[in-house]
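Following: one structure in structure tokens, then a few remarks.
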Amino acid sequence: MKALIISVIFGGALGVGSAAQAAQPDDHLVFEAKEGAGSGKHIVFLSGDEEYRSEESMPMMAQILASQGFKCTVLFSLNADGVVDPTNQKSLSHSESLDKADAIVMCLRFRNWDDTSMERFEAALNRGVPVVALRTSTHAFKFGKDSKWAKYSFNAGPDTGWKGGFGRHILGETWINHHGKHKVQGTRTIVEEANAKHPVLNGVGSIFAETDVYGANPPADATILLRGQVTKTLQPDSEPVEGKKNNPVIPVAWVRTVKADSGKDLRICTTTMGAASDLDDANLRRLVANGVYWGLGMEVPKEADVTLPGVYKPTFYGFGTFLKGKKPADFILKGAAAPDAAPAAAIEAPKELRLGKTKG
């Protein structure tokens with residue numbers, strides 16, 4: 001795994017983290033805006049995937065963006081006891097936060113929320129609330145054909161009006177396949193030269209992700225920002241694989257503007273990278289932060305400060321690997337932090353982690 005680049009954004013170490021933890025509601029997290037360019041705009045972070053540990057990454061990104069002036073709320077999948085359980089696909093805690101969202105950052109997989117939560121999510125889209133979507137958000141929803149929300153489902157047919165569901169119709173792609181070998185081959189980004197000056201790429205260097213490249217073919221109206229070179233191993237210095245896997249190189253980040261059902265413009269920034277362990281790469285964190293600024297029509301910083309707000313030790317991705325018995329407040333980053341360091345070589349996933357389910 002990569003060595004982490006960690007330092008303190010908030011004024012203290014253990015004391016600050018403990019205070020933030022104590023002040024939190026039971027079923028979600030709220031980080032009030034600090035002084036900064038965010039101008040008090042409200043970002044709602046949606047976590048809820050069984051594999052890529054968004055319950056760890058979304059609070060971390062929320063803390064970073066709260067330090068830049070955004071109010072940040074993080075929602076979770078919970079079980080009946082109020083414990084974080086990303087396998088509960090029906091749960092979205094405190095969905096009323098979506099009623100006042102100015103932007104959404106999401107990492108979801110196969111959710112089938114209740115009608116009220118879906119209505120709030122749809123209403124946000126119809127207000128033109130911009131979306132920054134990570135990894136499995138291309139297949140964020142899974143509903144039956146008879147559901148009133150069938151068009152959101154990743155496998156929605158053309159009869160719904162949204163072939164390919166929310167992923168294809170809004171984000172620009174649905175679930176296709178693992179183009180790279182899951183838990184064996186990583187991703188190294190290559191800038192799409194024609195769009196190298198796009199503001200979402202401000203300050204974004206080469207990204208190495210421990211997740212494999214997803215199959216993706218965004219529509220013609222998408223602006224491709226990054227393509228993902230398939231690497232032989234999960235080590236950042238790995239050589240690229242030879243042959244057809246990297247010919248052509250698959251898009252892994254793009255932006256587009258689509259029309260919501262209301263007719264309002266909806267700015268979308270999508271990346272198929274985004275496991276919690278991918279986001280220990282500062283360049284990926286910056287891409288996500290830049291997507292928020294761009295989505296809101298704000299000036300994107302030349303190099304947004306995405307310093308980690310405490311100790312970040314993300315769980316390596318996999319089904320069933322989520323931390324059991326944790327409440328939302330347990331995912332607040334805290335603690336004394338180490339100075340910035342150059343990324344070290346990753347450790348290739350052990351054999352036992354490379355066995356098992358591979359879908360999405």
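Labels for the structure tokens follow display order: chains A, B, ..., residues from 1 in each chain, ligands from 1.
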Could you pull out the strand (DSSP E or B) residues of segment 21-107 of chain A from DSSP and send them as a PyMOL selection string? chain A and resi 29-31+42-48+71-75+78+84+103-107
Given only C-alpha atoms, how would the per-residue table for segment 191-253 of chain A near segment 278-289 of chain A read, listing every residue at most 6 Å away with its closest atom pair and distance in Å to one decimal, sorted by chain and number, as JSON lines?
```
{"residue": "A:Val204", "atom": "CA", "partner": "A:Asn283", "partner_atom": "CA", "distance": 5.0}
{"residue": "A:Gly205", "atom": "CA", "partner": "A:Asn283", "partner_atom": "CA", "distance": 5.7}
{"residue": "A:Ile207", "atom": "CA", "partner": "A:Asn283", "partner_atom": "CA", "distance": 5.8}
{"residue": "A:Ala209", "atom": "CA", "partner": "A:Asp278", "partner_atom": "CA", "distance": 4.8}
{"residue": "A:Glu210", "atom": "CA", "partner": "A:Asp278", "partner_atom": "CA", "distance": 5.7}
```
N, CA and C atoms of the current selection, written as a PDB file, in the first residue's frame:
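Okay, out_25.pdb is ready:
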```
ATOM      1  N   VAL A 204      -3.446  18.836 -10.726  1.00  0.00           N
ATOM      2  CA  VAL A 204      -3.583  17.377 -10.654  1.00  0.00           C
ATOM      3  C   VAL A 204      -2.450  16.727 -11.436  1.00  0.00           C
ATOM      4  N   GLY A 205      -1.577  16.029 -10.723  1.00  0.00           N
ATOM      5  CA  GLY A 205      -0.509  15.285 -11.364  1.00  0.00           C
ATOM      6  C   GLY A 205      -0.949  13.864 -11.661  1.00  0.00           C
ATOM      7  N   ILE A 207      -1.959  10.219 -11.283  1.00  0.00           N
ATOM      8  CA  ILE A 207      -2.628   9.489 -10.203  1.00  0.00           C
ATOM      9  C   ILE A 207      -2.316   8.003 -10.352  1.00  0.00           C
ATOM     10  N   ALA A 209      -3.848   4.509  -8.852  1.00  0.00           N
ATOM     11  CA  ALA A 209      -4.962   3.936  -8.088  1.00  0.00           C
ATOM     12  C   ALA A 209      -4.760   2.438  -7.937  1.00  0.00           C
ATOM     13  N   GLU A 210      -5.096   1.944  -6.770  1.00  0.00           N
ATOM     14  CA  GLU A 210      -4.988   0.519  -6.492  1.00  0.00           C
ATOM     15  C   GLU A 210      -6.177  -0.275  -7.008  1.00  0.00           C
TER      16      GLU A 210
END
```
Need to verify the contact set: segment 163-169 of chain A, 6 Å, only C-alpha atoms, exclusion of same-chain residues closer than 6 positions in sequence. Can you return it as a compact mmCIF listing (two decimals) with C-alpha atoms, in the first residue's frame?
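Output contents, as saved in out11.txt:
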```txt
# COMPACT_ATOMS: atom_id res chain seq x y z
CA THR A 138 -21.77 4.29 -12.42
CA HIS A 139 -24.00 1.53 -11.02
CA LYS A 151 -35.02 4.24 -14.83
CA TYR A 152 -32.29 4.82 -12.21
CA SER A 153 -31.26 1.16 -12.21
CA PHE A 154 -27.86 0.35 -13.72
CA ASN A 155 -29.51 -2.11 -16.15
CA ALA A 156 -32.47 0.08 -17.11
CA GLY A 157 -33.80 -0.62 -20.58
```
Atom CA of Asn112 of chain A to atom CA of Leu92 of chain A: how many Å, to one decimal?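 About the pair atom CA of Asn112 of chain A and atom CA of Leu92 of chain A: they are 9.5 Å apart.
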Near segment 251-253 of chain A, within 7 Å and counting only C-alpha atoms, which residues show up once chain neighbours fewer than 3 positions away are dropped, as a count of residues only? 10
Do a neighbour search on Arg120 of chain A at 10 Å with only C-alpha atoms, toss out local chain neighbours closer than 6 positions, and write the hits as number ranges by chain. A: 95-100, 126
Residues from the last selection, C-alpha atoms, saved as a compact mmCIF listing (two decimals), in the first residue's frame:
```txt
# COMPACT_ATOMS: atom_id res chain seq x y z
CA SER A 95 -31.77 12.05 3.57
CA GLU A 96 -33.41 15.39 4.36
CA SER A 97 -29.93 16.89 4.03
CA LEU A 98 -30.38 16.57 0.28
CA ASP A 99 -33.11 19.22 0.42
CA LYS A 100 -30.47 21.87 1.05
CA ASN A 126 -33.89 18.75 -10.87
```
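The gap separating atom CA of Phe110 of chain A from atom CA of His178 of chain A is 16.4 Å, in Å to one decimal.
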